[in-house]
$ cat input_37.txt   # compact mmCIF, C-alpha atoms
# COMPACT_ATOMS: atom_id res chain seq x y z
CA MET A 1 12.37 33.72 3.95
CA MET A 2 14.79 30.86 4.34
CA LYS A 3 16.94 29.80 1.41
CA ILE A 4 18.66 26.41 1.42
CA LEU A 5 21.53 25.23 -0.77
CA GLY A 6 21.35 21.56 -1.71
CA ILE A 7 24.39 19.53 -2.82
CA GLU A 8 24.08 16.05 -4.33
CA SER A 9 27.17 13.99 -5.18
CA ALA A 10 26.45 10.49 -3.86
CA ALA A 11 26.68 8.81 -7.28
CA LEU A 12 27.40 9.75 -10.88
CA VAL A 13 24.88 12.60 -10.72
CA ALA A 14 26.27 15.97 -9.70
CA SER A 15 23.58 18.44 -8.70
CA VAL A 16 23.34 21.80 -6.97
CA ALA A 17 20.13 23.67 -6.15
CA ILE A 18 18.89 26.67 -4.21
CA ILE A 19 15.33 26.66 -2.90
CA ASP A 20 13.26 28.90 -0.69
CA GLU A 21 10.18 27.85 1.24
CA ASN A 22 7.91 27.98 -1.80
CA VAL A 23 9.91 27.21 -4.92
CA THR A 24 13.06 25.78 -6.47
CA ILE A 25 14.90 28.95 -7.49
CA ALA A 26 17.62 27.21 -9.50
CA GLU A 27 18.96 23.73 -10.09
CA TYR A 28 21.94 22.53 -12.12
CA THR A 29 22.23 18.78 -12.65
CA THR A 30 24.53 16.62 -14.74
CA ASN A 31 24.75 12.87 -15.11
CA PHE A 32 28.09 12.57 -16.84
CA LYS A 33 31.49 11.07 -16.13
CA LYS A 34 33.29 14.03 -14.65
CA THR A 35 34.63 14.09 -11.12
CA HIS A 36 32.49 16.02 -8.69
CA SER A 37 35.51 18.08 -7.68
CA GLU A 38 35.40 19.49 -11.23
CA THR A 39 31.67 20.16 -11.31
CA LEU A 40 30.02 21.08 -8.01
CA LEU A 41 31.52 24.49 -7.26
CA PRO A 42 31.47 25.70 -10.90
CA MET A 43 27.80 24.66 -11.06
CA LEU A 44 27.07 26.61 -7.87
CA ASP A 45 28.92 29.62 -9.27
CA GLU A 46 26.81 29.44 -12.43
CA ILE A 47 23.44 29.42 -10.67
CA VAL A 48 24.55 32.24 -8.37
CA LYS A 49 25.46 34.31 -11.43
CA MET A 50 22.23 33.44 -13.22
CA THR A 51 19.95 34.23 -10.27
CA GLY A 52 21.86 37.09 -8.69
CA ILE A 53 21.51 35.43 -5.28
CA SER A 54 24.30 36.05 -2.81
CA LEU A 55 25.53 33.08 -0.81
CA ASN A 56 25.18 35.32 2.22
CA GLU A 57 21.40 35.01 1.78
CA LEU A 58 21.52 31.28 2.55
CA SER A 59 20.20 29.93 5.84
CA ALA A 60 21.88 26.51 5.66
CA ILE A 61 23.56 23.98 3.40
CA ALA A 62 21.97 20.57 2.91
CA VAL A 63 24.22 17.82 1.59
CA SER A 64 23.53 14.29 0.43
CA GLY A 65 25.05 12.32 3.29
CA GLY A 66 25.02 8.78 1.94
CA PRO A 67 25.02 6.01 1.23
CA GLY A 68 26.73 6.13 -2.14
CA SER A 69 30.11 6.44 -3.79
CA PHE A 70 32.86 6.89 -1.20
CA THR A 71 34.67 9.44 -3.38
CA GLY A 72 31.50 11.30 -4.32
CA LEU A 73 30.29 11.55 -0.74
CA ARG A 74 33.67 12.78 0.46
CA ILE A 75 33.77 15.50 -2.21
CA GLY A 76 30.22 16.60 -1.40
CA ALA A 77 30.95 16.68 2.33
CA ALA A 78 34.19 18.61 1.79
CA SER A 79 32.44 21.15 -0.45
CA ALA A 80 29.64 21.64 2.08
CA LYS A 81 32.10 21.93 4.97
CA GLY A 82 34.19 24.52 3.16
CA LEU A 83 31.16 26.62 2.30
CA GLY A 84 29.71 26.18 5.77
CA LEU A 85 32.88 27.38 7.44
CA ALA A 86 33.39 30.27 5.00
CA LEU A 87 29.79 31.47 5.31
CA ASP A 88 29.30 30.51 8.98
CA LEU A 89 26.28 28.36 8.10
CA PRO A 90 24.91 25.19 9.67
CA LEU A 91 24.88 21.96 7.65
CA ILE A 92 22.09 19.44 7.24
CA HIS A 93 22.99 15.78 6.69
CA VAL A 94 20.26 14.44 4.38
CA PRO A 95 20.02 10.68 3.78
CA THR A 96 20.56 10.13 0.06
CA LEU A 97 17.89 7.48 -0.35
CA ASP A 98 15.25 9.45 1.56
CA ALA A 99 15.73 12.35 -0.84
CA MET A 100 15.57 10.03 -3.86
CA ALA A 101 12.21 8.70 -2.66
CA LEU A 102 10.79 12.23 -2.92
CA ASN A 103 10.89 11.83 -6.72
CA ILE A 104 7.68 9.79 -6.44
CA TYR A 105 4.68 11.59 -4.92
CA SER A 106 0.99 10.86 -4.37
CA SER A 107 1.42 7.16 -5.05
CA ASP A 108 -0.03 4.15 -3.26
CA ALA A 109 3.02 2.06 -4.20
CA LEU A 110 6.08 1.32 -2.11
CA ILE A 111 8.98 3.45 -3.35
CA VAL A 112 12.26 1.58 -3.67
CA PRO A 113 15.38 3.55 -4.64
CA ILE A 114 18.27 1.23 -5.48
CA MET A 115 21.86 2.35 -5.97
CA ASP A 116 24.43 -0.04 -7.37
CA ALA A 117 26.73 -0.87 -4.45
CA ARG A 118 28.84 -3.36 -6.46
CA ARG A 119 29.61 -6.88 -5.24
CA ASN A 120 26.01 -7.84 -6.20
CA GLN A 121 24.56 -5.51 -3.57
CA VAL A 122 22.39 -2.41 -3.60
CA TYR A 123 22.03 0.54 -1.28
CA THR A 124 18.32 0.78 -0.73
CA GLY A 125 15.42 1.70 1.53
CA ILE A 126 11.65 1.37 1.32
CA TYR A 127 9.27 4.33 1.47
CA LYS A 128 5.72 5.54 1.02
CA ASN A 129 4.92 9.05 -0.15
CA LYS A 130 1.18 9.44 -0.51
CA THR A 131 1.08 12.90 1.03
CA LYS A 132 4.17 12.85 3.25
CA LEU A 133 7.38 10.84 3.07
CA GLU A 134 7.28 7.78 5.34
CA VAL A 135 10.34 5.59 5.89
CA LYS A 136 9.28 1.93 6.01
CA ALA A 137 12.77 0.41 5.87
CA GLU A 138 15.83 2.55 6.58
CA SER A 139 18.93 2.78 4.40
CA MET A 140 20.78 -0.52 4.07
CA ALA A 141 23.27 -2.40 1.92
CA VAL A 142 21.84 -5.79 0.92
CA SER A 143 21.78 -8.24 -1.95
CA ILE A 144 18.95 -7.89 -4.43
CA ASP A 145 17.46 -11.17 -3.20
CA GLU A 146 17.49 -9.92 0.40
CA LEU A 147 15.73 -6.78 -0.80
CA PHE A 148 13.01 -8.91 -2.40
CA GLU A 149 12.32 -10.61 0.93
CA ILE A 150 12.24 -7.32 2.85
CA LEU A 151 10.01 -5.81 0.17
CA LYS A 152 7.54 -8.69 0.36
CA GLU A 153 7.41 -8.45 4.16
CA THR A 154 6.92 -4.68 4.03
CA GLY A 155 4.26 -5.01 1.34
CA ALA A 156 2.33 -7.53 3.41
CA LYS A 157 2.59 -5.37 6.53
CA GLU A 158 1.55 -2.18 4.73
CA LYS A 159 -1.03 -3.99 2.58
CA VAL A 160 0.62 -2.66 -0.57
CA GLU A 161 0.91 -4.87 -3.65
CA ARG A 162 3.03 -2.68 -5.94
CA ALA A 163 6.52 -1.19 -5.90
CA ILE A 164 8.24 1.51 -7.94
CA PHE A 165 12.00 1.21 -8.44
CA LEU A 166 14.36 4.07 -9.27
CA GLY A 167 18.08 4.76 -9.17
CA ASP A 168 21.26 3.70 -10.94
CA GLY A 169 20.76 0.15 -9.70
CA VAL A 170 17.80 -0.27 -12.05
CA PRO A 171 19.82 -0.73 -15.26
CA VAL A 172 21.99 -3.28 -13.45
CA PHE A 173 19.17 -5.35 -11.96
CA ARG A 174 16.10 -4.57 -14.08
CA GLU A 175 16.02 -7.89 -15.94
CA TYR A 176 16.58 -9.80 -12.70
CA ILE A 177 13.79 -7.85 -10.97
CA ASP A 178 11.39 -8.60 -13.82
CA GLU A 179 12.37 -12.27 -13.76
CA LYS A 180 12.42 -12.96 -10.03
CA LEU A 181 10.18 -10.46 -8.21
CA THR A 182 6.61 -11.73 -8.03
CA MET A 183 5.30 -8.46 -6.57
CA LYS A 184 3.76 -6.03 -9.08
CA HIS A 185 6.31 -3.38 -9.93
CA ASP A 186 7.19 -0.49 -12.21
CA PHE A 187 10.30 1.58 -12.94
CA ALA A 188 10.38 5.37 -12.67
CA PRO A 189 10.80 7.23 -16.00
CA SER A 190 14.03 8.98 -16.90
CA HIS A 191 13.10 12.39 -15.46
CA LEU A 192 12.38 10.83 -12.05
CA ASN A 193 14.95 8.07 -11.71
CA ARG A 194 18.07 9.81 -10.37
CA GLN A 195 19.18 12.03 -7.49
CA ARG A 196 18.35 15.75 -7.47
CA ALA A 197 19.79 18.51 -5.31
CA SER A 198 16.38 20.18 -5.06
CA ASN A 199 15.16 17.09 -3.18
CA ILE A 200 18.15 17.35 -0.85
CA ALA A 201 17.39 21.02 -0.23
CA MET A 202 13.66 20.43 0.27
CA LEU A 203 14.16 17.64 2.78
CA GLY A 204 16.90 19.73 4.35
CA MET A 205 14.42 22.56 4.81
CA GLU A 206 12.08 20.23 6.72
CA MET A 207 14.95 18.90 8.83
CA MET A 208 16.16 22.41 9.64
CA LYS A 209 12.70 23.42 10.85
CA ALA A 210 12.84 20.35 13.11
CA GLY A 211 16.21 21.49 14.48
CA LYS A 212 18.21 18.74 12.76
CA VAL A 213 21.29 20.75 11.84
CA ILE A 214 24.97 20.13 12.52
CA SER A 215 28.16 22.13 12.42
CA ALA A 216 30.58 21.86 9.51
CA ASP A 217 33.03 20.04 11.80
CA ASP A 218 30.45 17.35 12.58
CA MET A 219 29.57 16.52 8.97
CA LYS A 220 30.47 12.88 8.25
CA PRO A 221 29.05 10.83 5.36
CA ASN A 222 27.16 7.61 6.10
CA TYR A 223 28.92 5.01 3.96
CA LEU A 224 26.91 2.06 5.38
CA ARG A 225 29.82 -0.28 4.77
CA LYS A 226 33.60 -0.16 4.71
CA SER A 227 35.53 0.97 1.66
CA GLN A 228 37.44 -1.58 -0.41
CA ALA A 229 40.73 -0.31 1.03
CA GLU A 230 39.44 -0.81 4.58
CA ARG A 231 38.17 -4.31 3.74
CA GLU A 232 41.54 -5.24 2.24
CA ARG A 233 43.33 -3.87 5.31
CA ASP A 234 41.09 -5.95 7.59
CA VAL A 235 41.83 -9.08 5.54
CA ALA A 236 45.55 -8.35 5.70
CA LYS A 237 45.38 -7.95 9.48
CA THR A 238 43.46 -11.22 9.80
CA ASP A 239 45.94 -13.07 7.59
CA ALA A 240 48.86 -11.63 9.57
CA SER A 241 47.40 -12.87 12.84
CA LEU A 242 47.00 -16.47 11.63

$ encode --input "input_37.txt" --output "C-alpha cells"
Amino acid sequence: MMKILGIESAALVASVAIIDENVTIAEYTTNFKKTHSETLLPMLDEIVKMTGISLNELSAIAVSGGPGSFTGLRIGAASAKGLGLALDLPLIHVPTLDAMALNIYSSDALIVPIMDARRNQVYTGIYKNKTKLEVKAESMAVSIDELFEILKETGAKEKVERAIFLGDGVPVFREYIDEKLTMKHDFAPSHLNRQRASNIAMLGMEMMKAGKVISADDMKPNYLRKSQAERERDVAKTDASL
C-alpha cells in the first residue's frame, strides 16, 4: 500500500503528514511564528517516532508548491528535495490553493481560498468540491476587487449563488468582503480555514496515480509573481537605462 509524505510550508502554517490510501496515519500542524527551517524536519521526526513508520516505506513526497511565502516555499522545496534525494523518492508538486480547497467537501458553494499576498492582493483560485475537486479558476495573484469580478462571472457561469472563503487572507479582507461583495458568502470555521499537509498528501496521492511526479532536481515552487528583491532590481535596471 502506498504511503505519501505531505509537506506544507506555503504560509505561516507548518504541517507534515503521512497518509496511506485509506487514512491519515499522522499529521503535525502548527500555526505559530517560527521559521519553517526550525519546525518541518523536527515535526517529521516526531511523527516517525510516534508511528514507528520508516521513511523507507514512503512511495513519494508531496510538497506544497505555491503560491505563498517566498521563504516558506523555498524551505519546503529544499526539505522535500533533500529527503527525495536521500531516499531516492519522486516528488509531487501540489498547488497550494488546490489543496486548501479540499478543506470544504460536499458543498454546492464555490470554494475560494485567499492568501494574503500583500500590496492589497491575494493569491486565490475558485473551486467546486461536491464529490470531486473541480478547478474553476486557476491560481492567480489579483486584487480583492478583481477577485469579486471573477467570482461573480464564475458564479453566473456555474449557476452558483454562494461562496465560502478560507485562508489567511480572510482576517485581512473579511470586513471588506462583507461590505462590498453582493454574492452570498460564508467563512470557513477555524478547523477548516488553513493549510494542512494531509490535504497535500491526499492530492499528491491522486496526482501520483495519474503519473504526475517529478524528480527532486525538477522541483521548483510556483511563486506566481516576482519577489520584492526581483521587483526592486527590475526598477533599478529601468531607472539606470533612462

$ residues_around --input "input_37.txt" --residues "Met1 (chain A)" --least-positions-apart "6" --cutoff "9 Å" --atoms "all atoms listed in the file" --output "PDB file with C-alpha atoms, in the coordinates of the input"
ATOM      1  CA  ASP A  20      13.260  28.900  -0.690  1.00  0.00           C
ATOM      2  CA  GLU A  21      10.180  27.850   1.240  1.00  0.00           C
ATOM      3  CA  SER A  59      20.200  29.930   5.840  1.00  0.00           C
TER       4      SER A  59
END

$ atom_distance --input "input_37.txt" --atom1 "CA of Ser37 (chain A)" --atom2 "CA of Ile75 (chain A)"
6.3 Å

$ residues_near_point --input "input_37.txt" --point "(35.7, 11.8, -12.7)" --cutoff "12 Å" --atoms "all atoms listed in the file" --output "number ranges by chain"
A: 9, 11-14, 31-40, 69, 71-72, 75

$ write_last_selection --input "input_37.txt" --atoms "C-alpha atoms" --output "PDB file, keeping the file's coordinate frame"
ATOM      1  CA  SER A   9      27.170  13.990  -5.180  1.00  0.00           C
ATOM      2  CA  ALA A  11      26.680   8.810  -7.280  1.00  0.00           C
ATOM      3  CA  LEU A  12      27.400   9.750 -10.880  1.00  0.00           C
ATOM      4  CA  VAL A  13      24.880  12.600 -10.720  1.00  0.00           C
ATOM      5  CA  ALA A  14      26.270  15.970  -9.700  1.00  0.00           C
ATOM      6  CA  ASN A  31      24.750  12.870 -15.110  1.00  0.00           C
ATOM      7  CA  PHE A  32      28.090  12.570 -16.840  1.00  0.00           C
ATOM      8  CA  LYS A  33      31.490  11.070 -16.130  1.00  0.00           C
ATOM      9  CA  LYS A  34      33.290  14.030 -14.650  1.00  0.00           C
ATOM     10  CA  THR A  35      34.630  14.090 -11.120  1.00  0.00           C
ATOM     11  CA  HIS A  36      32.490  16.020  -8.690  1.00  0.00           C
ATOM     12  CA  SER A  37      35.510  18.080  -7.680  1.00  0.00           C
ATOM     13  CA  GLU A  38      35.400  19.490 -11.230  1.00  0.00           C
ATOM     14  CA  THR A  39      31.670  20.160 -11.310  1.00  0.00           C
ATOM     15  CA  LEU A  40      30.020  21.080  -8.010  1.00  0.00           C
ATOM     16  CA  SER A  69      30.110   6.440  -3.790  1.00  0.00           C
ATOM     17  CA  THR A  71      34.670   9.440  -3.380  1.00  0.00           C
ATOM     18  CA  GLY A  72      31.500  11.300  -4.320  1.00  0.00           C
ATOM     19  CA  ILE A  75      33.770  15.500  -2.210  1.00  0.00           C
TER      20      ILE A  75
END

$ residues_near_point --input "input_37.txt" --point "(25.2, 21.2, -14.3)" --cutoff "8 Å" --atoms "only C-alpha atoms" --output "NGL selection string"
:A and (14-16 or 27-30 or 39-40 or 43)

$ closest_residue --input "input_37.txt" --among "A:Pro42, A:Gly84, A:Gly68, A:Pro90" --to "Pro113 (chain A)" --atoms "all atoms listed in the file"
A:Gly68

$ closest_residue --input "input_37.txt" --among "A:Ala216, A:Ile144, A:Met100, A:Ala137" --to "Ala86 (chain A)" --atoms "all atoms listed in the file"
A:Ala216

$ residues_around --input "input_37.txt" --residues "Val172 (chain A)" --least-positions-apart "6" --cutoff "12 Å" --atoms "all atoms listed in the file" --output "list in words"
Ile114, Met115, Asp116, Ala117, Arg118, Arg119, Asn120, Gln121, Val122, Ile144, Leu166 and Asp178 of chain A

$ closest_residue --input "input_37.txt" --among "A:Asp45, A:Glu8, A:Asp186, A:Asp88" --to "Arg74 (chain A)" --atoms "all atoms listed in the file"
A:Glu8

$ closest_residue --input "input_37.txt" --among "A:Gly167, A:Gly6, A:Gly76, A:Gly65" --to "Ile200 (chain A)" --atoms "all atoms listed in the file"
A:Gly6

$ closest_residue --input "input_37.txt" --among "A:Val135, A:Val142, A:Ala26, A:Leu85" --to "Leu97 (chain A)" --atoms "all atoms listed in the file"
A:Val135

$ closest_residue --input "input_37.txt" --among "A:Leu87, A:Ile47, A:Ala60, A:Ala141" --to "Met208 (chain A)" --atoms "only C-alpha atoms"
A:Ala60

$ atom_distance --input "input_37.txt" --atom1 "CA of Ser106 (chain A)" --atom2 "CA of Thr131 (chain A)"
5.8 Å
